[in-house]
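Q: This one is start.tsv, TSV, C-alpha atoms.
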chain	number	residue	atom	x	y	z
A	18	MET	CA	134.73	102.60	111.73
A	19	THR	CA	136.96	105.58	112.38
A	20	GLN	CA	137.02	107.17	115.80
A	21	LYS	CA	137.49	110.65	117.15
A	22	MET	CA	140.48	111.49	119.30
A	23	ASP	CA	138.42	111.08	122.47
A	24	GLY	CA	137.56	107.50	121.45
A	25	THR	CA	133.95	108.08	120.43
A	26	ALA	CA	132.54	107.14	117.02
A	27	PRO	CA	131.61	110.04	114.74
A	28	ALA	CA	127.97	110.70	114.02
A	29	ALA	CA	126.62	109.17	110.82
A	30	LYS	CA	126.49	111.57	107.92
A	31	ARG	CA	123.02	113.02	107.71
A	32	LYS	CA	121.37	112.50	104.35
A	33	PRO	CA	119.82	115.49	102.56
A	34	HIS	CA	116.16	116.19	103.18
A	35	VAL	CA	113.73	115.18	100.40
A	36	PRO	CA	111.20	118.04	100.02
A	37	SER	CA	108.86	116.04	97.79
A	38	TRP	CA	108.21	113.63	100.67
A	39	ASP	CA	106.82	116.53	102.71
A	40	VAL	CA	104.46	117.30	99.82
A	41	LEU	CA	103.35	113.65	99.77
A	42	ARG	CA	102.87	113.54	103.56
A	43	THR	CA	100.78	116.71	103.38
A	44	ALA	CA	98.70	115.30	100.51
A	45	ALA	CA	98.16	112.00	102.35
A	46	PHE	CA	97.09	113.76	105.56
A	47	ALA	CA	94.73	116.10	103.71
A	48	ALA	CA	93.31	113.15	101.76
A	49	VAL	CA	92.60	111.03	104.83
A	50	ALA	CA	90.94	113.97	106.60
A	51	ALA	CA	88.81	114.66	103.52
A	52	GLN	CA	87.84	110.98	103.38
A	53	HIS	CA	86.48	111.13	106.91
A	54	ILE	CA	84.60	114.36	106.21
A	55	LEU	CA	83.02	112.82	103.11
A	56	GLY	CA	82.14	109.77	105.20
A	57	ALA	CA	80.34	111.98	107.72
A	58	TYR	CA	78.54	113.77	104.88
A	59	ALA	CA	77.43	110.46	103.34
A	60	ARG	CA	75.78	109.40	106.62
A	61	ARG	CA	73.39	112.37	106.69
A	62	PRO	CA	69.87	110.99	106.25
A	63	GLU	CA	68.48	113.99	104.34
A	64	ILE	CA	70.90	114.02	101.39
A	65	GLY	CA	69.59	112.97	98.00
A	66	LEU	CA	70.84	110.57	95.37
A	67	ASN	CA	72.71	113.23	93.39
A	68	GLU	CA	74.72	114.30	96.44
A	69	LYS	CA	75.57	110.67	97.19
A	70	LEU	CA	76.83	110.27	93.64
A	71	VAL	CA	79.03	113.35	93.99
A	72	ILE	CA	80.41	112.06	97.32
A	73	ALA	CA	81.19	108.69	95.73
A	74	VAL	CA	83.05	110.34	92.84
A	75	LEU	CA	84.97	112.79	95.05
A	76	PHE	CA	86.16	110.01	97.33
A	77	GLU	CA	88.02	108.00	94.69
A	78	PRO	CA	90.88	110.40	93.74
A	79	ILE	CA	91.83	110.68	97.44
A	80	ARG	CA	91.70	106.95	98.22
A	81	PHE	CA	95.51	106.80	97.99
A	82	ALA	CA	96.08	108.20	101.50
A	83	VAL	CA	96.89	105.10	103.58
A	84	PRO	CA	98.95	103.32	100.87
A	85	MET	CA	100.93	106.56	100.52
A	86	PHE	CA	101.66	106.63	104.26
A	87	VAL	CA	102.91	103.02	104.10
A	88	PHE	CA	105.00	103.84	101.03
A	89	LEU	CA	106.61	106.81	102.79
A	90	PHE	CA	107.35	104.73	105.89
A	91	GLY	CA	109.27	102.21	103.79
A	92	ALA	CA	111.05	104.97	101.88
A	93	ALA	CA	112.19	106.75	105.05
A	94	LEU	CA	113.38	103.51	106.69
A	95	PHE	CA	115.72	102.53	103.87
A	96	TYR	CA	116.76	106.09	103.01
A	97	VAL	CA	117.86	106.97	106.53
A	98	HIS	CA	119.42	103.61	107.41
A	99	THR	CA	122.00	102.62	104.83
A	100	ASP	CA	123.21	99.94	107.25
A	101	ARG	CA	120.94	97.79	109.34
A	102	PRO	CA	120.12	99.75	112.52
A	103	ARG	CA	120.59	98.15	115.91
A	104	TYR	CA	117.24	96.68	116.83
A	105	LEU	CA	116.74	97.77	120.45
A	106	PRO	CA	117.79	101.43	119.97
A	107	TYR	CA	115.65	101.60	116.82
A	108	LEU	CA	112.69	100.04	118.63
A	109	GLY	CA	113.11	102.46	121.54
A	110	LYS	CA	113.17	105.42	119.17
A	111	ARG	CA	110.02	104.27	117.40
A	112	LEU	CA	108.27	103.60	120.70
A	113	ARG	CA	108.95	107.21	121.65
A	114	GLN	CA	108.04	108.66	118.25
A	115	LEU	CA	105.05	106.47	117.30
A	116	ALA	CA	103.75	104.45	120.22
A	117	LEU	CA	103.81	107.03	123.03
A	118	PRO	CA	101.75	109.69	121.16
A	119	TYR	CA	99.41	106.96	119.97
A	120	VAL	CA	98.78	105.68	123.51
A	121	LEU	CA	98.15	109.21	124.81
A	122	TRP	CA	95.76	110.02	121.98
A	123	SER	CA	93.96	106.70	122.51
A	124	VAL	CA	93.29	107.75	126.11
A	125	VAL	CA	92.11	111.16	124.91
A	126	TYR	CA	89.62	109.55	122.51
A	127	LEU	CA	88.38	107.16	125.19
A	128	LEU	CA	87.76	110.11	127.51
A	129	TYR	CA	86.14	112.17	124.76
A	130	THR	CA	83.72	109.41	123.81
A	131	GLU	CA	83.03	108.79	127.50
A	132	LYS	CA	84.13	105.18	127.33
A	133	PRO	CA	85.42	103.59	130.55
A	134	VAL	CA	89.13	104.33	130.96
A	135	THR	CA	90.64	101.39	132.80
A	136	LEU	CA	93.93	99.60	132.33
A	137	ARG	CA	92.09	96.83	130.48
A	138	THR	CA	90.23	99.16	128.09
A	139	VAL	CA	93.36	101.20	127.38
A	140	VAL	CA	95.46	98.10	126.66
A	141	ARG	CA	92.74	96.64	124.44
A	142	SER	CA	92.24	99.91	122.57
A	143	VAL	CA	95.98	100.29	122.02
A	144	LEU	CA	96.41	96.74	120.74
A	145	TYR	CA	93.34	96.75	118.49
A	146	GLY	CA	93.47	100.43	117.48
A	147	ASP	CA	89.76	100.91	118.21
A	148	ALA	CA	89.76	103.90	120.57
A	149	ASP	CA	88.51	105.70	117.45
A	150	TYR	CA	87.92	104.64	113.89
A	151	HIS	CA	91.15	106.01	112.39
A	152	LEU	CA	93.61	104.67	114.95
A	153	TRP	CA	93.76	101.14	113.45
A	154	TYR	CA	96.57	102.39	111.21
A	155	VAL	CA	99.15	102.78	114.00
A	156	PRO	CA	99.18	99.15	115.29
A	157	MET	CA	99.38	98.02	111.67
A	158	ILE	CA	102.36	100.25	110.83
A	159	PHE	CA	104.09	99.35	114.11
A	160	GLN	CA	104.15	95.74	112.97
A	161	PHE	CA	106.62	96.88	110.29
A	162	VAL	CA	108.78	98.29	113.10
A	163	LEU	CA	108.72	95.02	115.03
A	164	VAL	CA	109.86	92.92	112.06
A	165	MET	CA	112.33	95.52	110.77
A	166	PRO	CA	115.39	93.16	110.85
A	167	LEU	CA	113.60	90.81	108.45
A	168	PHE	CA	113.42	93.52	105.77
A	169	PHE	CA	117.13	94.24	106.01
A	170	LEU	CA	117.90	90.51	105.81
A	171	VAL	CA	115.87	90.36	102.58
A	172	ARG	CA	117.69	93.43	101.24
A	173	ASP	CA	121.11	91.94	102.03
A	174	ALA	CA	120.16	88.58	100.51
A	175	LEU	CA	119.01	90.26	97.30
A	176	ARG	CA	122.25	92.24	97.09
A	177	ARG	CA	124.30	89.05	97.45
A	178	ARG	CA	122.34	86.94	94.98
A	179	CYS	CA	121.33	89.48	92.33
A	180	GLY	CA	124.58	90.25	90.55
A	181	THR	CA	123.02	92.13	87.63
A	182	ARG	CA	120.24	94.67	87.26
A	183	GLN	CA	118.30	92.30	85.01
A	184	ARG	CA	118.33	89.55	87.61
A	185	ALA	CA	117.35	92.01	90.34
A	186	ALA	CA	114.46	93.29	88.21
A	187	LEU	CA	113.22	89.74	87.59
A	188	VAL	CA	113.35	88.92	91.30
A	189	LEU	CA	111.47	92.11	92.20
A	190	VAL	CA	108.79	91.41	89.61
A	191	GLY	CA	108.46	87.91	91.02
A	192	LEU	CA	108.08	89.22	94.56
A	193	PHE	CA	105.41	91.69	93.48
A	194	ALA	CA	103.62	88.87	91.67
A	195	VAL	CA	103.64	86.81	94.89
A	196	TRP	CA	102.16	89.81	96.72
A	197	LEU	CA	99.36	90.13	94.15
A	198	VAL	CA	98.61	86.40	94.40
A	199	LEU	CA	98.44	86.80	98.18
A	200	LEU	CA	95.93	89.65	97.78
A	201	ALA	CA	93.81	87.47	95.50
A	202	TRP	CA	93.95	84.47	97.84
A	203	HIS	CA	90.85	83.76	99.91
A	204	PRO	CA	91.88	81.07	102.39
A	205	THR	CA	89.44	78.59	103.88
A	206	GLY	CA	91.45	77.76	107.00
A	207	ARG	CA	90.13	79.37	110.16
A	208	ILE	CA	93.35	81.08	111.27
A	209	ALA	CA	94.40	82.17	107.77
A	210	GLN	CA	90.91	83.50	107.06
A	211	GLN	CA	90.90	85.39	110.36
A	212	LEU	CA	94.22	87.04	109.51
A	213	LEU	CA	93.91	87.64	105.77
A	214	VAL	CA	90.18	88.29	105.47
A	215	THR	CA	88.66	89.42	108.77
A	216	TRP	CA	91.76	91.40	109.84
A	217	ARG	CA	92.88	92.15	106.30
A	218	THR	CA	93.68	95.83	106.79
A	219	ARG	CA	95.03	95.44	110.33
A	220	ILE	CA	98.03	93.21	109.72
A	221	PHE	CA	101.10	94.32	107.81
A	222	VAL	CA	101.30	91.45	105.31
A	223	PRO	CA	98.73	92.73	102.72
A	224	TRP	CA	100.47	96.13	102.77
A	225	LEU	CA	103.89	94.71	101.88
A	226	GLY	CA	103.73	95.79	98.22
A	227	TYR	CA	103.35	99.47	99.11
A	228	PHE	CA	106.09	99.19	101.72
A	229	ALA	CA	108.38	97.43	99.22
A	230	MET	CA	107.85	100.15	96.64
A	231	GLY	CA	108.77	102.69	99.31
A	232	ALA	CA	111.86	100.64	100.17
A	233	LEU	CA	112.95	100.79	96.53
A	234	CYS	CA	112.44	104.54	96.61
A	235	GLY	CA	114.54	104.84	99.76
A	236	LEU	CA	117.34	102.63	98.44
A	237	PHE	CA	117.51	104.20	94.97
A	238	THR	CA	116.04	107.64	95.51
A	239	ALA	CA	117.70	109.35	92.55
A	240	VAL	CA	116.72	106.57	90.12
A	241	PHE	CA	113.18	106.38	91.48
A	242	THR	CA	112.79	110.14	91.19
A	243	ALA	CA	114.06	110.14	87.62
A	244	TRP	CA	111.58	107.44	86.61
A	245	ALA	CA	108.72	109.21	88.39
A	246	ARG	CA	109.46	112.36	86.39
A	247	ARG	CA	109.94	110.46	83.13
A	248	LEU	CA	106.68	108.52	83.47
A	249	LEU	CA	104.60	111.43	84.76
A	250	VAL	CA	102.26	111.60	81.78
A	251	LEU	CA	101.74	107.84	81.57
A	252	THR	CA	101.18	107.39	85.32
A	253	GLY	CA	98.93	110.47	85.29
A	254	LEU	CA	96.72	108.78	82.71
A	255	LEU	CA	96.71	105.59	84.81
A	256	PHE	CA	95.81	107.64	87.89
A	257	VAL	CA	92.87	109.23	86.08
A	258	GLY	CA	91.87	105.84	84.73
A	259	SER	CA	92.01	104.13	88.12
A	260	ALA	CA	90.04	106.93	89.79
A	261	GLY	CA	87.51	106.78	86.95
A	262	TYR	CA	87.20	103.01	87.26
A	263	ALA	CA	86.71	103.23	91.02
A	264	ALA	CA	84.23	106.10	90.61
A	265	TYR	CA	82.24	104.01	88.12
A	266	LEU	CA	82.00	101.12	90.59
A	267	SER	CA	81.05	103.49	93.43
A	268	VAL	CA	78.40	105.25	91.34
A	269	ARG	CA	76.94	101.91	90.29
A	270	ALA	CA	76.78	100.84	93.94
A	271	VAL	CA	74.94	104.06	94.88
A	272	GLN	CA	72.45	103.57	92.06
A	273	ASN	CA	71.83	99.94	93.04
A	274	THR	CA	71.54	100.39	96.81
A	275	GLY	CA	70.79	104.07	97.34
A	276	ALA	CA	73.74	104.36	99.75
A	277	VAL	CA	77.42	105.28	99.38
A	278	ASN	CA	79.63	102.20	99.70
A	279	PHE	CA	83.21	103.22	100.31
A	280	SER	CA	84.29	99.56	100.38
A	281	CYS	CA	83.24	98.59	96.86
A	282	VAL	CA	86.84	99.27	95.76
A	283	SER	CA	89.84	98.16	97.81
A	284	PHE	CA	93.52	98.99	97.38
A	285	LEU	CA	94.11	95.48	98.79
A	286	SER	CA	92.59	93.85	95.71
A	287	PRO	CA	95.10	92.86	92.98
A	288	VAL	CA	93.82	95.02	90.11
A	289	TYR	CA	93.31	98.18	92.14
A	290	ALA	CA	96.59	97.60	94.02
A	291	VAL	CA	98.48	97.87	90.71
A	292	MET	CA	96.51	101.00	89.88
A	293	THR	CA	97.32	102.45	93.30
A	294	LEU	CA	101.05	101.80	92.80
A	295	ALA	CA	100.82	103.72	89.52
A	296	ALA	CA	98.94	106.50	91.32
A	297	ILE	CA	101.71	106.72	93.93
A	298	LEU	CA	104.32	106.97	91.19
A	299	PHE	CA	102.33	109.74	89.51
A	300	LEU	CA	101.86	111.66	92.77
A	301	TYR	CA	105.58	111.29	93.46
A	302	GLY	CA	106.45	112.85	90.13
A	303	LEU	CA	103.88	115.60	90.69
A	304	ALA	CA	105.29	116.24	94.17
A	305	GLU	CA	108.78	116.63	92.71
A	306	TRP	CA	107.44	119.42	90.52
A	307	LEU	CA	105.40	121.07	93.30
A	308	ALA	CA	108.35	120.96	95.72
A	309	GLN	CA	110.18	123.41	93.44
A	310	VAL	CA	107.57	126.09	94.25
A	311	ARG	CA	108.97	127.76	97.35
A	312	PRO	CA	105.69	128.67	99.17
A	313	ILE	CA	104.35	125.12	98.65
A	314	CYS	CA	107.66	123.65	99.79
A	315	LYS	CA	107.67	125.72	102.99
A	316	LEU	CA	104.02	125.02	103.81
A	317	CYS	CA	104.35	121.29	103.16
A	318	GLY	CA	107.61	121.20	105.10
A	319	PHE	CA	105.76	122.51	108.15
A	320	VAL	CA	102.76	120.21	107.72
A	321	GLY	CA	104.94	117.22	106.88
A	322	ARG	CA	106.93	117.56	110.12
A	323	HIS	CA	103.71	117.38	112.13
A	324	SER	CA	101.64	115.09	109.91
A	325	TYR	CA	101.69	112.13	112.33
A	326	GLN	CA	100.35	114.11	115.28
A	327	ALA	CA	97.89	115.81	112.93
A	328	TYR	CA	96.66	112.40	111.77
A	329	LEU	CA	96.12	111.34	115.38
A	330	ALA	CA	94.31	114.59	116.25
A	331	HIS	CA	92.18	115.25	113.18
A	332	VAL	CA	89.13	113.13	114.10
A	333	LEU	CA	88.86	114.88	117.46
A	334	VAL	CA	89.05	118.25	115.69
A	335	LEU	CA	86.54	117.13	113.07
A	336	THR	CA	84.00	115.95	115.66
A	337	SER	CA	84.44	118.96	117.94
A	338	CYS	CA	84.24	121.52	115.13
A	339	SER	CA	81.19	119.79	113.68
A	340	LEU	CA	79.32	120.01	116.99
A	341	GLU	CA	80.38	123.62	117.59
A	342	LEU	CA	79.34	124.71	114.09
A	343	LEU	CA	75.94	123.05	114.38
A	344	GLN	CA	75.32	124.61	117.80
A	345	ALA	CA	76.40	128.08	116.64
A	346	GLN	CA	74.64	127.94	113.26
A	347	PRO	CA	71.93	125.23	113.34
A	348	GLU	CA	70.42	126.43	110.02
A	349	ILE	CA	73.71	126.65	108.17
A	350	ASN	CA	73.71	125.53	104.53
A	351	ARG	CA	75.28	122.07	104.47
A	352	TYR	CA	77.61	122.89	101.56
A	353	VAL	CA	78.97	125.85	103.51
A	354	PHE	CA	79.06	123.70	106.64
A	355	TYR	CA	81.30	121.05	105.08
A	356	ALA	CA	83.52	123.62	103.38
A	357	VAL	CA	84.11	125.36	106.72
A	358	LEU	CA	84.48	122.02	108.51
A	359	THR	CA	87.18	120.92	106.06
A	360	VAL	CA	89.23	124.08	106.61
A	361	CYS	CA	88.78	123.95	110.39
A	362	THR	CA	89.75	120.27	110.54
A	363	LEU	CA	92.90	120.64	108.46
A	364	VAL	CA	94.12	123.85	110.08
A	365	GLY	CA	93.06	122.87	113.60
A	366	ALA	CA	94.68	119.44	113.47
A	367	VAL	CA	97.98	120.85	112.18
A	368	LEU	CA	98.04	123.60	114.83
A	369	ILE	CA	97.33	121.10	117.61
A	370	ALA	CA	100.04	118.82	116.22
A	371	TRP	CA	102.50	121.73	116.13
A	372	GLY	CA	101.64	122.60	119.73
A	373	VAL	CA	102.02	119.01	120.94
A	374	ASP	CA	105.28	118.46	119.06
A	375	SER	CA	106.67	121.78	120.32
A	376	ALA	CA	105.75	120.92	123.92
A	377	ALA	CA	107.33	117.47	123.57
A	378	ALA	CA	110.52	118.99	122.13
A	379	ALA	CA	110.67	121.50	125.00
A	380	LEU	CA	110.26	118.69	127.54
A	381	ARG	CA	113.06	116.71	125.89
A	382	ARG	CA	115.38	119.72	125.98
A	383	CYS	CA	114.52	120.31	129.61
A	384	GLY	CA	115.14	116.66	130.42
A	385	LYS	CA	118.53	116.74	128.71
A	386	ARG	CA	119.55	119.81	130.69
A	387	ILE	CA	118.51	118.18	133.96
A	388	PHE	CA	119.54	114.57	133.37
A	389	GLY	CA	122.03	114.97	130.52
A	390	HIS	CA	125.51	113.50	130.73
A	391	PRO	CA	128.20	115.91	131.90
A	392	ALA	CA	130.64	117.08	129.28
A	393	SER	CA	133.64	114.81	128.90
A	394	VAL	CA	136.92	116.09	130.30
A	395	LYS	CA	139.37	116.84	127.52
Will you turn the file into structure tokens for me?

A:
Amino acid sequence: MTQKMDGTAPAAKRKPHVPSWDVLRTAAFAAVAAQHILGAYARRPEIGLNEKLVIAVLFEPIRFAVPMFVFLFGAALFYVHTDRPRYLPYLGKRLRQLALPYVLWSVVYLLYTEKPVTLRTVVRSVLYGDADYHLWYVPMIFQFVLVMPLFFLVRDALRRRCGTRQRAALVLVGLFAVWLVLLAWHPTGRIAQQLLVTWRTRIFVPWLGYFAMGALCGLFTAVFTAWARRLLVLTGLLFVGSAGYAAYLSVRAVQNTGAVNFSCVSFLSPVYAVMTLAAILFLYGLAEWLAQVRPICKLCGFVGRHSYQAYLAHVLVLTSCSLELLQAQPEINRYVFYAVLTVCTLVGAVLIAWGVDSAAAALRRCGKRIFGHPASVK
């Protein structure tokens, strides 16, 4: 590594920003918020069968949200870090960026729901992600952070052993096949069943396929982008087909039970996992096209920068706005109610996220001015 004249190493060259990823982050955040609003709608006791059928159908095209977040996490990790990052500095950075906001929001949700806030309840809620129903995602994604060196070891091993593109493609297909077999496996052992069945969505292992696809995107961004554009029509048809298949299963469940079952399709089942990967590829190609529209690019750039905080905040905004709307307009038409609630949740969560991120940035700048290292003497 070359050094500057004062003996310090130069900063790593910053890679260009990928605007389409902001579009995908915005879409994933909007989709997960819409999922929770549809879930609240489905629990209303007075809605009829036709409304339940519409809810079931509307839910399926936006089911991609969490797999997309995992995909983007893998893409960003391998795009930003060409070389394996040092573990402790990387872990410290992620603790500040991911864990600290998550812990603070967990306390906020405990206070809001009037649960006892003690050291024990906070620690338990943080570890299990159950301070509110959407927070399970953060402990799961942080597991990827903890085992980060393993992924770079796998990458380096594949580079050493796969001398040709054909061999690399065969190995990757084999690894994806192993992942699909793992998703289809229903173990009988107590510990394995606890991990892979009971805690299926809360451990990182079943999500590895989406993360690996993101890693490929991060490592070979130009190639991945070219294929996403080239296969846009085909993957679009697969996306429509997968959403239609899932909608059919959901509609059939509503007709059989009279209730909306959001779990009748899972992106952690082998068939639908393949369909979800195709959906991600389609949405990636679509995002590449949308990112060329300047107003969309600017809006999604803003939302994408604050999407993590917005994800943490959106359930609090949803619940608060719902109560305020019902108190202000108790006789409001429920279609109007949910339309207004959707807008308020999306806009409110993003504005709160912007405010929190801006305050955090101001505190960091203030801390650097107070505790920063003095300028080196030339």

Q: Identify, on the basis of only C-alpha atoms, every residue whose closest approach to A:Val364 does not exceed 10 Å; exclude the query and any residue fewer than 3 positions from it along the same chain; express the result as a short mmCIF file (atom, residue, chain, number, x, y, z; two decimals) with C-alpha atoms, in the coordinates of the input.

A:
data_model
loop_
_atom_site.label_atom_id
_atom_site.label_comp_id
_atom_site.auth_asym_id
_atom_site.auth_seq_id
_atom_site.Cartn_x
_atom_site.Cartn_y
_atom_site.Cartn_z
CA VAL A 320 102.76 120.21 107.72
CA ALA A 327 97.89 115.81 112.93
CA HIS A 331 92.18 115.25 113.18
CA VAL A 334 89.05 118.25 115.69
CA LEU A 358 84.48 122.02 108.51
CA THR A 359 87.18 120.92 106.06
CA VAL A 360 89.23 124.08 106.61
CA CYS A 361 88.78 123.95 110.39
CA VAL A 367 97.98 120.85 112.18
CA LEU A 368 98.04 123.60 114.83
CA ILE A 369 97.33 121.10 117.61
CA ALA A 370 100.04 118.82 116.22
#

Q: Give the answer as one residue: which of A:Ala92, A:Ile208, A:Val198, A:Cys314 has the shortest atom-to-atom distance to A:Phe241, using all atoms listed in the file?

A: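 Distance minimum relative to A:Phe241 lands on A:Ala92.
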
Q: Near A:Tyr107, counting all atoms listed in the file, which residues have an atom at most 12 Å away, once you skip same-chain residues fewer than 6 positions from it, shown as a PyMOL selection string?

A: chain A and resi 94+97-98+101+113-115+162-166

Q: Would you kindly return, as a VMD selection string, each protein, DNA or RNA residue with an atom no farther than 12 Å from any atom of A:Asn273, considering all atoms listed in the file and excluding same-chain residues fewer than 5 positions away?

A: chain A and resid 66 70 266 to 268 278

Q: Give me, please, the distance in Å between atom CA of A:Arg207 and atom CA of A:Tyr150, quoted to one decimal.

A: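 Interatomic distance, atom CA of A:Arg207 to atom CA of A:Tyr150: 25.6 Å.
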
Q: Ranking A:Leu329, A:Ala377, A:Ala59, A:Leu105 by minimum distance to A:Trp122 and counting only C-alpha atoms, which one comes first?

A: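 So, comparing all the options, the nearest one is A:Leu329.
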
Q: Using only C-alpha atoms, which protein or nucleic acid residues come within 12 Å of A:Leu128? Drop anything in the same chain fewer than 5 positions from it, and give the result as an mmCIF file with C-alpha atoms, in the coordinates of the input.

A:
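That gives us part-v4.cif:
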data_model
loop_
_atom_site.group_PDB
_atom_site.id
_atom_site.type_symbol
_atom_site.label_atom_id
_atom_site.label_comp_id
_atom_site.auth_asym_id
_atom_site.auth_seq_id
_atom_site.Cartn_x
_atom_site.Cartn_y
_atom_site.Cartn_z
ATOM 1 C CA LEU A 121 98.150 109.210 124.810
ATOM 2 C CA TRP A 122 95.760 110.020 121.980
ATOM 3 C CA SER A 123 93.960 106.700 122.510
ATOM 4 C CA PRO A 133 85.420 103.590 130.550
ATOM 5 C CA VAL A 134 89.130 104.330 130.960
ATOM 6 C CA THR A 135 90.640 101.390 132.800
ATOM 7 C CA THR A 138 90.230 99.160 128.090
ATOM 8 C CA VAL A 139 93.360 101.200 127.380
ATOM 9 C CA ALA A 148 89.760 103.900 120.570
ATOM 10 C CA ASP A 149 88.510 105.700 117.450
ATOM 11 C CA LEU A 333 88.860 114.880 117.460
#

Q: Between atom CA of A:Trp306 and atom CA of A:Gly91, what is the spacing in Å?

A: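 Atom CA of A:Trp306 lies 21.8 Å from atom CA of A:Gly91.
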
Q: Quote the spacing between atom CA of A:Gly56 and atom CA of A:Ala229 in Å to one decimal place.

A: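 So the two atoms, atom CA of A:Gly56 and atom CA of A:Ala229, lie 29.6 Å apart.
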
Q: Given the choices A:Ala264, A:Glu131, A:Ala93, A:Ser259, which gets closest to A:Cys234 if the distance is worked out from only C-alpha atoms?

A: A:Ala93

Q: Nearest to A:Ser283: which of A:Phe81, A:Phe319, A:Trp371, A:Phe388 is it, counting only C-alpha atoms?

A: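 Using only C-alpha atoms, the shortest distance to A:Ser283 belongs to A:Phe81.
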
Q: If I wrap all listed atoms of stretch 122-127 of chain A in a box with edges along x, y and z and add 6 Å on each side, what are its centre and edge lengths in Å to one decimal, as AutoDock Vina command-line options?

A:
--center_x 92.1 --center_y 108.9 --center_z 124.0 --size_x 19.4 --size_y 16.5 --size_z 16.1

Q: Could you name the residues that touch A:Thr252 at 10 Å or less, counting all atoms listed in the file, but leaving out those on the same chain fewer than 2 positions away, as a ChimeraX atom specification?

A: /A:245-250,254-258,292,294-300,302

Q: Which residue out of A:Leu75, A:Val214, A:Ala174, A:Met85 has the minimum interatomic distance to A:Trp38 when only C-alpha atoms are used?

A: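 Looking at the shortest contact to A:Trp38, the residue is A:Met85.
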
Q: Which residue, A:Leu316, A:Val120, A:Leu108, A:Leu236, has the smallest gap to A:Tyr145 when you use only C-alpha atoms?

A: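 For A:Tyr145, the nearest of the candidates is A:Val120.
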